[in-house]
Every structure is written in C-alpha cells, then in structure tokens.
file protein20.csv (CSV, C-alpha atoms)
chain,number,residue,atom,x,y,z
F,1,ASN,CA,-8.3,12.5,2.6
F,2,ALA,CA,-10.7,11.0,0.1
F,3,GLY,CA,-13.5,10.8,2.7
F,4,VAL,CA,-16.2,8.3,1.6
F,5,THR,CA,-15.8,6.6,-1.7
F,6,GLN,CA,-18.2,4.2,-3.5
F,7,THR,CA,-17.6,1.7,-6.3
F,8,PRO,CA,-19.0,1.5,-8.9
F,9,LYS,CA,-20.7,4.8,-9.8
F,10,PHE,CA,-23.2,3.2,-12.2
F,11,ARG,CA,-24.3,-0.3,-12.9
F,12,VAL,CA,-27.0,-2.0,-14.9
F,13,LEU,CA,-28.1,-5.5,-13.9
F,14,LYS,CA,-30.6,-8.0,-15.3
F,15,THR,CA,-33.2,-9.4,-13.0
F,16,GLY,CA,-31.7,-12.2,-11.0
F,17,GLN,CA,-28.1,-11.2,-11.3
F,18,SER,CA,-26.0,-10.5,-8.2
F,19,MET,CA,-23.6,-7.7,-7.4
F,20,THR,CA,-21.6,-6.1,-4.6
F,21,LEU,CA,-21.3,-2.4,-3.9
F,22,LEU,CA,-18.1,-1.3,-2.1
F,23,CYS,CA,-17.9,1.6,0.3
F,24,ALA,CA,-14.6,2.8,1.8
F,25,GLN,CA,-13.8,5.5,4.3
F,26,ASP,CA,-10.5,6.9,5.4
F,27,MET,CA,-11.7,8.8,8.5
F,28,ASN,CA,-11.4,5.9,10.9
F,29,HIS,CA,-15.1,6.1,11.6
F,30,GLU,CA,-16.7,3.4,13.7
F,31,TYR,CA,-20.2,3.6,12.2
F,32,MET,CA,-21.2,3.0,8.6
F,33,TYR,CA,-24.5,3.0,6.8
F,34,TRP,CA,-26.1,2.0,3.5
F,35,TYR,CA,-29.1,4.0,2.3
F,36,ARG,CA,-31.2,3.9,-0.8
F,37,GLN,CA,-32.7,7.1,-2.3
F,38,ASP,CA,-35.9,7.0,-4.3
F,39,PRO,CA,-37.9,9.9,-5.7
F,40,GLY,CA,-40.2,11.4,-3.2
F,41,MET,CA,-39.1,9.1,-0.4
F,42,GLY,CA,-35.9,10.7,0.9
F,43,LEU,CA,-33.2,8.3,2.1
F,44,ARG,CA,-34.1,5.1,3.7
F,45,LEU,CA,-31.6,3.0,5.8
F,46,ILE,CA,-30.9,-0.5,4.5
F,47,HIS,CA,-28.3,-1.8,6.9
F,48,TYR,CA,-25.7,-0.3,9.2
F,49,SER,CA,-22.6,-1.3,11.2
F,50,VAL,CA,-21.3,0.0,14.5
F,51,GLY,CA,-17.9,-1.6,14.2
F,52,GLU,CA,-15.7,-4.1,12.4
F,53,GLY,CA,-17.5,-7.5,12.2
F,54,THR,CA,-20.9,-6.1,13.2
F,55,THR,CA,-24.0,-5.4,11.1
F,56,ALA,CA,-27.6,-4.6,11.8
F,57,LYS,CA,-30.8,-4.2,9.8
F,58,GLY,CA,-32.3,-0.8,9.0
F,59,GLU,CA,-35.7,0.2,7.7
F,60,VAL,CA,-35.6,-1.6,4.4
F,61,PRO,CA,-33.2,-4.6,4.7
F,62,ASP,CA,-35.0,-7.2,2.6
F,63,GLY,CA,-33.1,-8.4,-0.5
F,64,TYR,CA,-29.8,-7.0,0.7
F,65,ASN,CA,-26.9,-8.4,2.7
F,66,VAL,CA,-23.9,-6.6,4.1
F,67,SER,CA,-20.5,-7.3,5.5
F,68,ARG,CA,-17.9,-5.3,7.5
F,69,LEU,CA,-14.7,-7.4,7.5
F,70,LYS,CA,-12.5,-4.4,7.8
F,71,LYS,CA,-13.2,-1.2,9.7
F,72,GLN,CA,-12.8,1.0,6.6
F,73,ASN,CA,-15.0,-1.0,4.2
F,74,PHE,CA,-18.7,-1.7,4.2
F,75,LEU,CA,-20.0,-4.0,1.4
F,76,LEU,CA,-23.6,-4.1,0.2
F,77,GLY,CA,-24.7,-7.2,-1.7
F,78,LEU,CA,-27.7,-8.0,-3.8
F,79,GLU,CA,-28.0,-11.8,-4.3
F,80,SER,CA,-30.8,-11.8,-6.8
F,81,ALA,CA,-31.6,-8.3,-8.2
F,82,ALA,CA,-35.2,-7.2,-8.7
F,83,PRO,CA,-36.5,-4.2,-10.6
F,84,SER,CA,-37.7,-2.8,-7.3
F,85,GLN,CA,-34.1,-2.4,-6.3
F,86,THR,CA,-33.5,0.2,-9.0
F,87,SER,CA,-32.3,3.1,-7.0
F,88,VAL,CA,-29.4,5.4,-6.0
F,89,TYR,CA,-27.4,3.9,-3.2
F,90,PHE,CA,-25.5,6.0,-0.7
F,91,CYS,CA,-23.0,5.0,1.9
F,92,ALA,CA,-22.2,7.1,4.9
F,93,SER,CA,-20.0,7.0,7.9
F,94,THR,CA,-19.6,8.8,11.2
F,95,ASP,CA,-17.7,8.4,14.4
F,96,SER,CA,-19.1,7.0,17.7
F,97,GLY,CA,-19.7,10.2,19.5
F,98,SER,CA,-23.3,11.3,20.1
F,99,PHE,CA,-25.3,13.0,17.3
F,100,ARG,CA,-22.4,13.4,15.0
F,101,GLU,CA,-22.9,14.3,11.4
F,102,GLN,CA,-22.8,11.6,8.8
F,103,TYR,CA,-20.4,11.9,5.8
F,104,PHE,CA,-21.8,10.6,2.5
F,105,GLY,CA,-20.2,9.0,-0.5
F,106,PRO,CA,-21.1,10.2,-4.0
F,107,GLY,CA,-23.6,7.4,-4.7
F,108,THR,CA,-24.1,4.4,-7.0
F,109,ARG,CA,-26.9,4.5,-9.5
F,110,LEU,CA,-28.2,1.0,-10.0
F,111,THR,CA,-30.7,0.0,-12.7
F,112,VAL,CA,-32.3,-3.5,-12.7
F,113,THR,CA,-34.0,-4.4,-15.9
L,1,ALA,CA,-41.0,6.8,17.0
L,2,GLN,CA,-39.5,9.7,15.3
L,3,SER,CA,-40.5,11.1,11.9
L,4,VAL,CA,-39.9,14.1,9.7
L,5,THR,CA,-42.2,15.9,7.3
L,6,GLN,CA,-41.0,18.4,4.7
L,7,LEU,CA,-43.8,20.5,3.3
L,8,GLY,CA,-43.4,21.2,-0.4
L,9,SER,CA,-41.5,18.8,-2.6
L,10,HIS,CA,-40.6,21.7,-4.9
L,11,VAL,CA,-40.0,25.3,-4.1
L,12,SER,CA,-39.1,27.9,-6.7
L,13,VAL,CA,-37.7,31.4,-5.8
L,14,SER,CA,-36.2,34.3,-7.7
L,15,GLU,CA,-32.5,35.1,-7.3
L,16,GLY,CA,-32.2,37.4,-4.3
L,17,ALA,CA,-35.5,36.4,-2.7
L,18,LEU,CA,-36.0,34.8,0.7
L,19,VAL,CA,-35.6,31.0,0.8
L,20,LEU,CA,-37.9,29.2,3.3
L,21,LEU,CA,-37.9,25.4,3.4
L,22,ARG,CA,-40.2,23.8,5.9
L,23,CYS,CA,-39.5,20.9,8.2
L,24,ASN,CA,-41.7,19.5,11.0
L,25,TYR,CA,-40.7,16.6,13.2
L,26,SER,CA,-42.3,14.2,15.5
L,27,SER,CA,-40.3,12.9,18.5
L,28,SER,CA,-41.1,11.5,21.9
L,29,VAL,CA,-37.7,12.6,23.2
L,30,PRO,CA,-35.8,15.8,22.7
L,31,PRO,CA,-34.8,15.7,19.0
L,32,TYR,CA,-31.5,16.3,17.4
L,33,LEU,CA,-32.1,17.7,13.9
L,34,PHE,CA,-30.1,18.2,10.8
L,35,TRP,CA,-30.3,19.8,7.4
L,36,TYR,CA,-28.4,18.3,4.5
L,37,VAL,CA,-28.0,19.5,0.9
L,38,GLN,CA,-27.6,17.4,-2.2
L,39,TYR,CA,-26.3,19.1,-5.3
L,40,PRO,CA,-27.0,17.3,-8.6
L,41,ASN,CA,-25.3,13.9,-9.0
L,42,GLN,CA,-23.5,14.3,-5.6
L,43,GLY,CA,-23.8,12.9,-2.1
L,44,LEU,CA,-25.3,14.7,0.8
L,45,GLN,CA,-23.4,17.3,2.8
L,46,LEU,CA,-24.3,18.8,6.1
L,47,LEU,CA,-25.7,22.4,6.1
L,48,LEU,CA,-26.3,22.7,9.9
L,49,LYS,CA,-27.5,20.8,12.9
L,50,TYR,CA,-29.4,21.4,16.1
L,51,THR,CA,-28.2,19.7,19.3
L,52,SER,CA,-30.0,21.8,21.9
L,53,ALA,CA,-27.2,24.3,22.5
L,54,ALA,CA,-29.1,27.2,20.8
L,55,THR,CA,-32.4,27.4,19.1
L,56,LEU,CA,-31.1,29.5,16.1
L,57,VAL,CA,-28.5,27.6,14.3
L,58,LYS,CA,-26.3,29.0,11.6
L,59,GLY,CA,-24.9,26.9,8.8
L,60,ILE,CA,-22.8,27.1,5.7
L,61,ASN,CA,-23.5,29.2,2.7
L,62,GLY,CA,-25.7,31.7,4.6
L,63,PHE,CA,-28.4,29.3,5.7
L,64,GLU,CA,-29.8,29.2,9.2
L,65,ALA,CA,-32.6,27.3,10.9
L,66,GLU,CA,-34.7,27.9,14.0
L,67,PHE,CA,-35.8,25.2,16.4
L,68,LYS,CA,-39.3,25.8,17.7
L,69,LYS,CA,-40.4,23.2,20.2
L,70,SER,CA,-44.0,24.6,20.5
L,71,GLU,CA,-44.4,24.2,16.7
L,72,THR,CA,-42.3,21.0,16.4
L,73,SER,CA,-40.6,22.8,13.5
L,74,PHE,CA,-37.0,23.3,12.2
L,75,HIS,CA,-37.5,25.5,9.1
L,76,LEU,CA,-34.5,26.4,7.0
L,77,THR,CA,-34.1,30.0,5.7
L,78,LYS,CA,-31.7,32.1,3.7
L,79,PRO,CA,-32.3,35.8,3.3
L,80,SER,CA,-31.2,36.1,-0.4
L,81,ALA,CA,-31.2,33.1,-2.8
L,82,HIS,CA,-28.3,32.6,-5.1
L,83,MET,CA,-28.3,30.5,-8.3
L,84,SER,CA,-25.9,28.1,-6.7
L,85,ASP,CA,-28.4,27.3,-4.0
L,86,ALA,CA,-30.4,25.2,-6.5
L,87,ALA,CA,-30.3,21.7,-5.0
L,88,GLU,CA,-32.3,19.2,-3.0
L,89,TYR,CA,-32.6,19.8,0.7
L,90,PHE,CA,-33.2,17.1,3.3
L,91,CYS,CA,-34.3,17.5,6.9
L,92,ALA,CA,-33.4,14.6,9.2
L,93,VAL,CA,-33.9,13.6,12.9
L,94,SER,CA,-31.5,11.5,14.9
L,95,VAL,CA,-33.0,8.3,16.1
L,96,SER,CA,-33.1,7.7,19.8
L,97,GLY,CA,-31.2,4.7,20.9
L,98,GLY,CA,-27.8,5.6,19.6
L,99,TYR,CA,-25.6,4.8,16.7
L,100,ASN,CA,-26.2,8.2,15.1
L,101,LYS,CA,-28.9,6.8,12.8
L,102,LEU,CA,-31.0,9.3,10.9
L,103,ILE,CA,-34.6,9.4,9.7
L,104,PHE,CA,-34.9,11.7,6.6
L,105,GLY,CA,-37.7,13.7,5.2
L,106,ALA,CA,-38.7,13.2,1.6
L,107,GLY,CA,-36.7,16.2,0.5
L,108,THR,CA,-37.5,19.6,-1.1
L,109,ARG,CA,-36.1,20.5,-4.4
L,110,LEU,CA,-35.2,24.2,-4.6
L,111,ALA,CA,-35.1,26.0,-8.0
L,112,VAL,CA,-33.7,29.5,-8.3
L,113,HIS,CA,-34.5,31.5,-11.3
L,114,PRO,CA,-33.0,34.7,-12.6

call {"tool": "encode", "arguments": {"input": "protein20.csv", "output": "structure tokens"}}
result
Amino acid sequence: NAGVTQTPKFRVLKTGQSMTLLCAQDMNHEYMYWYRQDPGMGLRLIHYSVGEGTTAKGEVPDGYNVSRLKKQNFLLGLESAAPSQTSVYFCASTDSGSFREQYFGPGTRLTVT
Amino acid sequence: AQSVTQLGSHVSVSEGALVLLRCNYSSSVPPYLFWYVQYPNQGLQLLLKYTSAATLVKGINGFEAEFKKSETSFHLTKPSAHMSDAAEYFCAVSVSGGYNKLIFGAGTRLAVHP
C-alpha cells in the first residue's frame, strides 16, 4: 500500500496564478483532510470531507476550494494564489470509526511570489 | 472549544538524557489526545494516543505519555534520547462533534546533541 500520496511535492506560483493539489489514498478511508503548516502555528485545518461528494470548511478555508469526486481522491484548489498562501500543505485520511488516527501524506511545499 | 498548548517551541537534550515535551489541553468534554512526530521533510506519523482506556500510554520508539486530568496535561517522555529522535513533535486533541478532526499545538522541535 502506498498510503497517502500527494502531487506535486514542490511548486512555485506567481501571485494570481491558480493550481490544484492532488491527494490520493489507497486505504478506503471515508474521511480526508487538508491542512497547512506554518512555522510556530502547527497544522491548521483548511477543508475536510466525510465521504465521496461531500466537503466542509475547516479553520482557515478562505482562498481555497476542494472537491471529492472519488472516494480515494481529495483535491485542493487555489483559484488566485497570494503570498500568504506560501506554506506546506498536508493531506490526511482516516476511517469513520471514533477517534481514529489520521494518516498523513508527505506534503507539498508551495511558494507564492 | 478545545485547544492545545505546547510549552517550549525548541527543546535540546543530550543523547541518553531524559526527553520531556509538554502539552496542556483545554476541553469541555473528555478529551482524546494524540502525539504525532514529524521527521525532516516528511509527513506526520502517530506516536501514541489516549482514548480513556489507561492514563499511561505507551507508543512507538520508547515514548510514553501520561494523561493527568487534574493538571489538564498530556506530557510526552522518553527515558533516554537517541540521535534519531531529533524531529518536531505535535500534540493534538480530537474535536468533539465527530469526523475525527484534530486541533494541533504549535509543535516542539527536539534537538539531540552528542
């Protein structure tokens, strides 16, 4: 099993450009999450999904959109990138039982200039 | 609302010394708590979790944590540090209301020197 994979690993964008980050999991998990990690702030939840076709806002959703058209994939979109979105983005997944651990991808380092 | 505070953004220990990383939580409901570790340029992986079965929780790589309700703490310890323990450690609390959402602390970077 590959677990949770993320594409791409690195990306540099100019202000105003758009991009999509792809997260894929092969563990048949129901729940998936997108976080951003910034120095001194830990991980903050951007959006999450509790099943195919569902999405919900997390703590810091502004400037991002997500889609979950297939159970194994969770896409994070930036329509018009801003320097404040420079961060490391992590995807995670878990199954639907109570208080299960989340499994994390390796991360995507995004720089917006 | 739940929250997590990790005291000390950087901790430095000698190889073989005790490791103590502090985590305090705030929760209006019985908390479920986690410690995750992040090695350089990698994602997070679970060290251990507390789900009310036992107050002393043992995890991987010789780490353990003790849940103390009276102190609202869940500190992580390891008796003898190894160079390979150098990483960033995150404490997290599970959000009430389901969906296994987590609130993370700011993290503590552990350095181990010879």

call {"tool": "residues_around", "arguments": {"input": "protein20.csv", "residues": "Val66 (chain F)", "least_positions_apart": "5", "cutoff": "8 Å", "atoms": "all atoms listed in the file", "output": "list of chain:residue names"}}
result
F:His47, F:Thr55, F:Phe74, F:Leu75, F:Leu76, F:Gly77

call {"tool": "closest_residue", "arguments": {"input": "protein20.csv", "among": "F:Gly58, F:Pro83, F:Gly42, F:Pro8", "to": "chain L", "atoms": "only C-alpha atoms"}}
result
F:Gly42

call {"tool": "closest_atom_pairs", "arguments": {"input": "protein20.csv", "of": "chain F", "to": "chain L", "cutoff": "10 Å", "atoms": "all atoms listed in the file", "output": "CSV"}}
result
residue,atom,partner,partner_atom,distance
F:Val4,CA,L:Gly43,CA,9.6
F:Glu30,CA,L:Tyr99,CA,9.5
F:Tyr31,CA,L:Tyr99,CA,7.1
F:Met32,CA,L:Tyr99,CA,9.4
F:Tyr33,CA,L:Lys101,CA,8.4
F:Gln37,CA,L:Ala106,CA,9.4
F:Asp38,CA,L:Ala106,CA,9.0
F:Pro39,CA,L:Ala106,CA,8.1
F:Gly40,CA,L:Ala106,CA,5.3
F:Met41,CA,L:Ala106,CA,4.6
F:Gly42,CA,L:Ala106,CA,3.8
F:Leu43,CA,L:Phe104,CA,5.9
F:Arg44,CA,L:Phe104,CA,7.3
F:Leu45,CA,L:Ile103,CA,8.1
F:Tyr48,CA,L:Lys101,CA,8.6
F:Ser49,CA,L:Tyr99,CA,8.7
F:Val50,CA,L:Tyr99,CA,6.8
F:Gly58,CA,L:Lys101,CA,9.2
F:Glu59,CA,L:Ile103,CA,9.5
F:Val88,CA,L:Asn41,CA,9.9
F:Tyr89,CA,L:Gly43,CA,9.8
F:Phe90,CA,L:Gly43,CA,7.2
F:Cys91,CA,L:Gly43,CA,8.9
F:Ala92,CA,L:Leu44,CA,9.2
F:Ser93,CA,L:Asn100,CA,9.6
F:Thr94,CA,L:Asn100,CA,7.7
F:Asp95,CA,L:Asn100,CA,8.5
F:Ser96,CA,L:Tyr99,CA,6.9
F:Gly97,CA,L:Asn100,CA,8.1
F:Ser98,CA,L:Asn100,CA,6.6
F:Phe99,CA,L:Asn100,CA,5.4
F:Arg100,CA,L:Asn100,CA,6.4
F:Glu101,CA,L:Leu46,CA,7.1
F:Gln102,CA,L:Leu46,CA,7.8
F:Tyr103,CA,L:Gln45,CA,6.9
F:Phe104,CA,L:Gly43,CA,5.5
F:Gly105,CA,L:Gly43,CA,5.5
F:Pro106,CA,L:Gly43,CA,4.3
F:Gly107,CA,L:Gly43,CA,6.1
F:Thr108,CA,L:Asn41,CA,9.8
F:Arg109,CA,L:Asn41,CA,9.5

call {"tool": "write_last_selection", "arguments": {"input": "protein20.csv", "atoms": "C-alpha atoms", "output": "CSV table (one decimal), in the frame of the given file"}}
result
chain,number,residue,atom,x,y,z
F,4,VAL,CA,-16.2,8.3,1.6
F,30,GLU,CA,-16.7,3.4,13.7
F,31,TYR,CA,-20.2,3.6,12.2
F,32,MET,CA,-21.2,3.0,8.6
F,33,TYR,CA,-24.5,3.0,6.8
F,37,GLN,CA,-32.7,7.1,-2.3
F,38,ASP,CA,-35.9,7.0,-4.3
F,39,PRO,CA,-37.9,9.9,-5.7
F,40,GLY,CA,-40.2,11.4,-3.2
F,41,MET,CA,-39.1,9.1,-0.4
F,42,GLY,CA,-35.9,10.7,0.9
F,43,LEU,CA,-33.2,8.3,2.1
F,44,ARG,CA,-34.1,5.1,3.7
F,45,LEU,CA,-31.6,3.0,5.8
F,48,TYR,CA,-25.7,-0.3,9.2
F,49,SER,CA,-22.6,-1.3,11.2
F,50,VAL,CA,-21.3,0.0,14.5
F,58,GLY,CA,-32.3,-0.8,9.0
F,59,GLU,CA,-35.7,0.2,7.7
F,88,VAL,CA,-29.4,5.4,-6.0
F,89,TYR,CA,-27.4,3.9,-3.2
F,90,PHE,CA,-25.5,6.0,-0.7
F,91,CYS,CA,-23.0,5.0,1.9
F,92,ALA,CA,-22.2,7.1,4.9
F,93,SER,CA,-20.0,7.0,7.9
F,94,THR,CA,-19.6,8.8,11.2
F,95,ASP,CA,-17.7,8.4,14.4
F,96,SER,CA,-19.1,7.0,17.7
F,97,GLY,CA,-19.7,10.2,19.5
F,98,SER,CA,-23.3,11.3,20.1
F,99,PHE,CA,-25.3,13.0,17.3
F,100,ARG,CA,-22.4,13.4,15.0
F,101,GLU,CA,-22.9,14.3,11.4
F,102,GLN,CA,-22.8,11.6,8.8
F,103,TYR,CA,-20.4,11.9,5.8
F,104,PHE,CA,-21.8,10.6,2.5
F,105,GLY,CA,-20.2,9.0,-0.5
F,106,PRO,CA,-21.1,10.2,-4.0
F,107,GLY,CA,-23.6,7.4,-4.7
F,108,THR,CA,-24.1,4.4,-7.0
F,109,ARG,CA,-26.9,4.5,-9.5

call {"tool": "residues_around", "arguments": {"input": "protein20.csv", "residues": "Leu7 (chain L)", "least_positions_apart": "4", "cutoff": "8 Å", "atoms": "all atoms listed in the file", "output": "list in words"}}
result
Leu21, Arg22, Cys23 and Thr108 of chain L

call {"tool": "closest_residue", "arguments": {"input": "protein20.csv", "among": "F:Thr54, F:Thr111, F:Gln25, F:Ser80", "to": "Asn1 (chain F)", "atoms": "all atoms listed in the file"}}
result
F:Gln25

call {"tool": "residues_around", "arguments": {"input": "protein20.csv", "residues": "Ser27 (chain L)", "least_positions_apart": "6", "cutoff": "7 Å", "atoms": "only C-alpha atoms", "output": "JSON, numbers by chain"}}
result
{"L": [1, 2, 3]}

call {"tool": "residues_around", "arguments": {"input": "protein20.csv", "residues": "Leu56 (chain L)", "least_positions_apart": "2", "cutoff": "7 Å", "atoms": "all atoms listed in the file", "output": "ChimeraX atom specification"}}
result
/L:54,58,65-67

call {"tool": "write_last_selection", "arguments": {"input": "protein20.csv", "atoms": "C-alpha atoms", "output": "short mmCIF file (atom, residue, chain, number, x, y, z; two decimals), in the coordinates of the input"}}
result
data_model
loop_
_atom_site.label_atom_id
_atom_site.label_comp_id
_atom_site.auth_asym_id
_atom_site.auth_seq_id
_atom_site.Cartn_x
_atom_site.Cartn_y
_atom_site.Cartn_z
CA ALA L 54 -29.10 27.20 20.80
CA LYS L 58 -26.30 29.00 11.60
CA ALA L 65 -32.60 27.30 10.90
CA GLU L 66 -34.70 27.90 14.00
CA PHE L 67 -35.80 25.20 16.40
#

call {"tool": "atom_distance", "arguments": {"input": "protein20.csv", "atom1": "CA of Lys57 (chain F)", "atom2": "CA of Ser52 (chain L)"}}
result
28.7 Å

call {"tool": "atom_distance", "arguments": {"input": "protein20.csv", "atom1": "CA of Gly63 (chain F)", "atom2": "CA of Gly97 (chain L)"}}
result
25.2 Å

call {"tool": "closest_residue", "arguments": {"input": "protein20.csv", "among": "F:Asn28, F:Thr113, F:Ala56, F:Thr15", "to": "Leu78 (chain F)", "atoms": "all atoms listed in the file"}}
result
F:Thr15

call {"tool": "residues_around", "arguments": {"input": "protein20.csv", "residues": "Cys23 (chain F)", "least_positions_apart": "4", "cutoff": "6 Å", "atoms": "all atoms listed in the file", "output": "VMD selection string"}}
result
chain F and resid 5 to 6 73 to 74

call {"tool": "atom_distance", "arguments": {"input": "protein20.csv", "atom1": "CA of Val11 (chain L)", "atom2": "CA of Lys69 (chain L)"}}
result
24.4 Å
